[in-house]
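Down below is the structure, laid out as structure tokens.
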Amino acid sequence: MRVLVVEDNAPVAEAIRAMLEARKFAANVVSDGEAGLDHLLRRCYDAAIVDVGLPGMDGFALARSARADGVQTPILMLTARDAVEDRVAGLNCGADDYLVKPFVEEELIARIGAILRRGDRHVLAAVEAGGLRIDLAARRVTFEDKPVVLGATEFRVLELLARNAGNALSRSQIVERIWDYDFDGSSNIVDVYVSQLRRKLKKIGAAGVIETVWGVGYRLKA
Amino acid sequence: MIARAAGVYLAIFVLVLLALSAGAYAFVEREYASLLAPALGTPEGASALAAAMRRVLLTILTIDAPLVAVVAAASYALARATIAPLQSARERERAFAADAAHELRSPLAAIAAVAQVSRVDAPPQSRAAFDSIVQSAFEASSVISDLLTLARDPARRALQCEPVDLAAVVAGSSRRAQPVAIERGIRLEVSAESAIVDGDQRRLTELSRNLIDNAIRHARSSVRVASRGNGRFGEIVVEDDGDGIPPAERERIFERFYRRAQDGSSGGLGLAIVRWIADAHGGTVQAGEAQGGGARFVASVPMHA
């Protein structure tokens with residue numbers, strides 16, 4: 001496995017190289033964006049670790065240009081900023097994952113492993129159900145080409161229902177998958193989200209796509 | 001913000017103008033009435049007074065209307081002139097904080113990364129030293145994150161709001177605090193009741209976690225964590241069985257780097273962040289006394305409508 005490291009801070013770059021080599025990855029370090037893009041375009045890497053704050057062409061621009069040229073190599077973005085907008089910006093310009101500096105060695109390796117596995121597997125680009133098209137990469141939902149703007153959690157709830165289209169999901173199944181929490185008491189958080197989704201979907205003509213299954217939970221029309 | 005200040009200026013002016021106009025009208029009416037006193041008994045006299053007063057009212061309004069328009073424009077310009085420099089100073093301050101954070105994190109990343117790599121080849125006796133270098137770099141980085149948060153206005157636009165169940169927030173943050181509690185021999189009792197609020201799940205979890213960490217530091221043997229709905233507010237309640245907080249300090253502990261009189265220990269930025277998050281949600285956080293004398297913190301944020 002060959003990993004490209006694009007990082008201008010020499011001690012960090014060398015430390016990443018050492019971490020990768022300790023796991024039998026071959027690492028190649030370059031220190032600016034243009035050189036990084038050159039290397040990526042040669043397409044001989046299995047993954048790339050790219051720092052956002054590079055001199056000249058920054059990490060976002062590098063990822064965007066590489067994707068525009070059809071480079072599919074998975075990219076892990078490294079950044080010293082942790083604002084949510086920056087994370088979203090990173091993922092929107094074609095990076096596969098995002099790690100905030102300073103980072104723990106195990107996490108860096110785990111994330112590289114994860115994006116490498118994702119590269120193997122055929123990535124599901126979109127889910128279609130009930131006339132809805134849910135674009136997982138662009139995080140966009142459309143019904144007959146009409147878009148609807150959803151919040152992050154609304155999107156995840158709809159995606160879960162769509163992936164199980166035609167089958168009813170119970171409220172507790174939805175809670176466990178979305179909030180990673182087992183409500184022993186009663187909570188109507190799922191109903192809150194479903195009613196918000198229904199209201200938004202109705203506006204683009206997709207009324208009745210989410211069905212209530214009495215005594216069970218909710219189901220998206222197949 | 002500019003519009004609001006301009007509105008306040010204009011409202012004050014309109015009030016003053018109304019009072020003056022009403023005074024002028026009343027004065028003129030009294031003068032006319034005394035001049036026309038002999039004729040007032042007749043219908044002609046009364047209608048002449050009414051007609052004259054209508055003209056007076058009309059004159060006052062024609063003077064007032066352009067005045068209000070001029071003052072509206074002037075108060076907008078004045079508000080802009082006062083507030084715009086403040087806003088841009090605030091903006092510069094925030095950009096400075098973000099840049100400073102970036103510049104500080106890069107060398108910290110180098111320190112942490114090099115120490116982690118060096119640890120592998122280090123003789124066993126110096127491994128602990130490398131571990132503490134790594135840990136200190138992470139601590140410094142989290143202080144930088146906190147400073148970056150506190151440099152921003154505690155406003156809703158700093159949040160990513162959606163409906164959030166405080167039960168999930170409380171359960172999630174307690175689960176993550178569990179290892180620290182076990183290490184310190186503190187029992188964590190969690191009672192998570194559903195309360196759906198409009199909030200930022202990540203920030204509310206941070207709020208809850210900071211309160212729990214603070215309670216674990218001061219508890220003798222147990223910490224109670226709860227969520228519940230209370231009228232228009234959802235609450236997160238965290239109680240410990242420590243020495244409690246003297247009433248005089250209950251407000252000051254939310255200040256940045258406040259040192260407690262009792263033991264001089266610094267709470268760091270944890271409670272300042274708690275207050276920032278509560279404020280940004282349009283909520284509150286208060287310190288009080290738990291049953292048995294420990295500290296009790298209640299954070300309330302508005303329920304989902």
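Letters for chains follow the order of the structure tokens (A, B, ...), residue numbers begin at 1 for each chain, and ligand numbers begin at 1 in the order shown.
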
### Task
Compile the residues of chain B that lie within 8 Å of chain A, evaluated using only C-alpha atoms, and express the compilation as a PyMOL selection string.
chain B and resi 98+101-103+105-106+108-110+112-114+116-117+137-138+141+145+162-165+167-168+171-172+193-196

Just C-alpha atoms for this one: save the residues we selected as a PDB file, in the first residue's frame.
```pdb
ATOM      1  CA  ALA B  98      -9.136  31.588  14.576  1.00  0.00           C
ATOM      2  CA  ALA B 101      -5.631  28.829  17.092  1.00  0.00           C
ATOM      3  CA  HIS B 102      -4.413  27.571  13.742  1.00  0.00           C
ATOM      4  CA  GLU B 103      -0.876  28.858  14.303  1.00  0.00           C
ATOM      5  CA  ARG B 105      -2.193  23.951  16.808  1.00  0.00           C
ATOM      6  CA  SER B 106       0.331  23.309  14.040  1.00  0.00           C
ATOM      7  CA  LEU B 108       1.304  21.289  18.927  1.00  0.00           C
ATOM      8  CA  ALA B 109       0.562  18.740  16.223  1.00  0.00           C
ATOM      9  CA  ALA B 110       4.293  18.467  15.567  1.00  0.00           C
ATOM     10  CA  ALA B 112       2.346  15.382  19.682  1.00  0.00           C
ATOM     11  CA  ALA B 113       3.240  13.495  16.500  1.00  0.00           C
ATOM     12  CA  VAL B 114       6.991  13.452  17.150  1.00  0.00           C
ATOM     13  CA  GLN B 116       4.172   9.539  19.709  1.00  0.00           C
ATOM     14  CA  VAL B 117       6.687   8.279  17.175  1.00  0.00           C
ATOM     15  CA  ALA B 137      -0.118  18.852  23.758  1.00  0.00           C
ATOM     16  CA  PHE B 138      -3.727  17.611  23.635  1.00  0.00           C
ATOM     17  CA  SER B 141      -5.103  22.077  22.067  1.00  0.00           C
ATOM     18  CA  SER B 145     -10.582  25.152  21.150  1.00  0.00           C
ATOM     19  CA  GLU B 162     -32.279  20.951  15.318  1.00  0.00           C
ATOM     20  CA  PRO B 163     -34.624  19.083  17.660  1.00  0.00           C
ATOM     21  CA  VAL B 164     -32.519  17.242  20.239  1.00  0.00           C
ATOM     22  CA  ASP B 165     -33.633  14.942  23.047  1.00  0.00           C
ATOM     23  CA  ALA B 167     -32.169  12.235  27.353  1.00  0.00           C
ATOM     24  CA  ALA B 168     -29.783  11.225  24.541  1.00  0.00           C
ATOM     25  CA  ALA B 171     -26.961   9.422  28.402  1.00  0.00           C
ATOM     26  CA  GLY B 172     -24.242   9.942  25.779  1.00  0.00           C
ATOM     27  CA  GLU B 193     -36.072  11.635  30.959  1.00  0.00           C
ATOM     28  CA  SER B 194     -37.087  12.679  27.491  1.00  0.00           C
ATOM     29  CA  ALA B 195     -37.143  16.457  26.872  1.00  0.00           C
ATOM     30  CA  ILE B 196     -36.986  17.608  23.282  1.00  0.00           C
TER      31      ILE B 196
END
```

### Query
Which residues, written as a count of residues only, have at least one atom at most 8 Å from range 91-97 of chain A, with only C-alpha atoms counted and residues fewer than 2 positions away on the same chain left out?
16

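The two atoms in question, CA of Cys44 in chain A and CA of Asp58 in chain A, are spaced 21.3 Å apart.
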
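Distance-wise, CA of Val127 in chain A and CA of Arg199 in chain A end up 20.7 Å apart.
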
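CA of Val5 in chain A lies 8.9 Å from CA of Ala47 in chain A.
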
### Message
Let's see if you can do this: from backbone DSSP, list all helix (DSSP H, G or I) residues in chain A, as a PyMOL selection string.
### Response
chain A and resi 10-22+33-41+59-68+84-92+105-120+152-163+171-179+189-203

#### Entry: All strand (DSSP E or B) residues (DSSP, backbone) inside range 5-198 of chain A, as a PyMOL selection string
chain A and resi 5-6+26-30+47-51+75-79+97-100+126-129+132-135+140-143+146-148+169-170

Keeping C-alpha atoms, export the residues of the selection given above as a JSON list (two decimals), in the first residue's frame.
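Here's the written file part_18.json:
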```json
[["chain", "number", "residue", "atom", "x", "y", "z"],
["A", 5, "VAL", "CA", 1.61, 12.58, 2.46],
["A", 6, "VAL", "CA", 1.21, 16.26, 1.52],
["A", 26, "ALA", "CA", 5.07, 2.84, 1.84],
["A", 27, "ALA", "CA", 4.95, 6.59, 2.41],
["A", 28, "ASN", "CA", 6.00, 9.39, 0.11],
["A", 29, "VAL", "CA", 6.18, 12.92, 1.50],
["A", 30, "VAL", "CA", 5.85, 16.14, -0.49],
["A", 47, "ALA", "CA", -4.53, 6.84, -0.36],
["A", 48, "ALA", "CA", -3.41, 10.40, 0.38],
["A", 49, "ILE", "CA", -3.10, 12.37, 3.61],
["A", 50, "VAL", "CA", -3.40, 16.08, 2.79],
["A", 51, "ASP", "CA", -2.86, 19.04, 5.13],
["A", 75, "ILE", "CA", -8.11, 11.49, 0.64],
["A", 76, "LEU", "CA", -7.82, 12.06, 4.39],
["A", 77, "MET", "CA", -7.71, 15.78, 5.17],
["A", 78, "LEU", "CA", -5.61, 17.05, 8.11],
["A", 79, "THR", "CA", -6.36, 20.43, 9.59],
["A", 97, "ASP", "CA", -12.52, 11.99, 5.81],
["A", 98, "TYR", "CA", -11.24, 14.66, 8.10],
["A", 99, "LEU", "CA", -8.84, 14.61, 11.07],
["A", 100, "VAL", "CA", -8.13, 17.54, 13.39],
["A", 126, "ALA", "CA", -27.54, 7.31, -4.16],
["A", 127, "VAL", "CA", -30.63, 5.60, -2.79],
["A", 128, "GLU", "CA", -33.94, 5.78, -4.64],
["A", 129, "ALA", "CA", -37.25, 4.96, -3.04],
["A", 132, "LEU", "CA", -37.24, 10.19, -3.86],
["A", 133, "ARG", "CA", -33.64, 10.31, -4.91],
["A", 134, "ILE", "CA", -31.19, 10.60, -2.01],
["A", 135, "ASP", "CA", -27.73, 11.53, -3.23],
["A", 140, "ARG", "CA", -29.04, 16.16, -1.58],
["A", 141, "VAL", "CA", -32.62, 14.95, -1.70],
["A", 142, "THR", "CA", -34.86, 15.42, -4.75],
["A", 143, "PHE", "CA", -38.37, 14.34, -5.72],
["A", 146, "LYS", "CA", -37.37, 19.14, -7.13],
["A", 147, "PRO", "CA", -34.83, 19.59, -4.30],
["A", 148, "VAL", "CA", -35.62, 19.85, -0.60],
["A", 169, "LEU", "CA", -38.75, 0.36, 11.23],
["A", 170, "SER", "CA", -39.73, 0.69, 14.86]]
```

### Task
Name all residues at most 8 Å from Ala155 in chain B (count only C-alpha atoms; drop same-chain ones fewer than 5 positions away) and give them as a ChimeraX atom specification.
/B:279-282

With N, CA, C and O atoms retained, export the selected residues as a CSV table (one decimal), in the first residue's frame.
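Okay, part-v8.csv is ready:
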```
chain,number,residue,atom,x,y,z
B,279,ASP,N,-26.1,30.3,27.1
B,279,ASP,CA,-26.5,31.6,26.5
B,279,ASP,C,-26.8,31.5,25.0
B,279,ASP,O,-27.8,32.1,24.6
B,280,ALA,N,-26.0,30.8,24.3
B,280,ALA,CA,-26.2,30.7,22.8
B,280,ALA,C,-27.5,30.1,22.5
B,280,ALA,O,-28.2,30.4,21.5
B,281,HIS,N,-28.0,29.2,23.4
B,281,HIS,CA,-29.3,28.5,23.2
B,281,HIS,C,-30.5,29.4,23.7
B,281,HIS,O,-31.6,28.9,23.6
B,282,GLY,N,-30.2,30.6,24.2
B,282,GLY,CA,-31.2,31.4,24.8
B,282,GLY,C,-31.7,30.8,26.1
B,282,GLY,O,-32.8,30.9,26.5
```

### Non-local contacts of Ala207 in chain A (8 Å; only C-alpha atoms; under 5 positions in same chain excluded) as an MDAnalysis selection string
chainID A and resid 198 201:202

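Counting only C-alpha atoms, the residue from B:Leu204, B:Ala95, B:Leu20, B:Met1 that sits nearest to Leu61 in chain B is B:Leu20.
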
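Within 9 Å of Tyr32 in chain B, once only C-alpha atoms are used and residues closer than 5 positions along the same chain are dropped, the contacting residues are Phe27, Ala37, Leu49, Ala52 and Met53 of chain B.
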
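Restricting the calculation to only C-alpha atoms, the smallest distance between Ala272 in chain B and any of B:Ser173, B:Ser118, B:Ser88, B:Thr149 is found for B:Thr149.
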
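Taking only C-alpha atoms into account, Arg139 in chain A lies nearest to A:Arg156 out of the set A:Arg219, A:Arg156, A:Arg117, A:Arg163.
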
### Query
Hey, what's within 12 Å of Ala69 in chain B if we count only C-alpha atoms and toss same-chain stuff fewer than 6 positions away? As a ChimeraX atom specification, please?
/B:10,13-14,62-63,75-76

Please produce a file of the residues just selected, as an mmCIF file, in the first residue's frame, where the atoms kept are C-alpha atoms.
```cif
data_model
loop_
_atom_site.group_PDB
_atom_site.id
_atom_site.type_symbol
_atom_site.label_atom_id
_atom_site.label_comp_id
_atom_site.auth_asym_id
_atom_site.auth_seq_id
_atom_site.Cartn_x
_atom_site.Cartn_y
_atom_site.Cartn_z
ATOM 1 C CA LEU B 10 -36.107 56.840 16.567
ATOM 2 C CA PHE B 13 -37.365 60.878 19.315
ATOM 3 C CA VAL B 14 -40.963 60.035 18.342
ATOM 4 C CA THR B 62 -47.111 68.442 8.419
ATOM 5 C CA ILE B 63 -44.195 69.664 10.521
ATOM 6 C CA SER B 75 -30.605 57.721 13.635
ATOM 7 C CA TYR B 76 -29.787 54.977 11.144
#
```
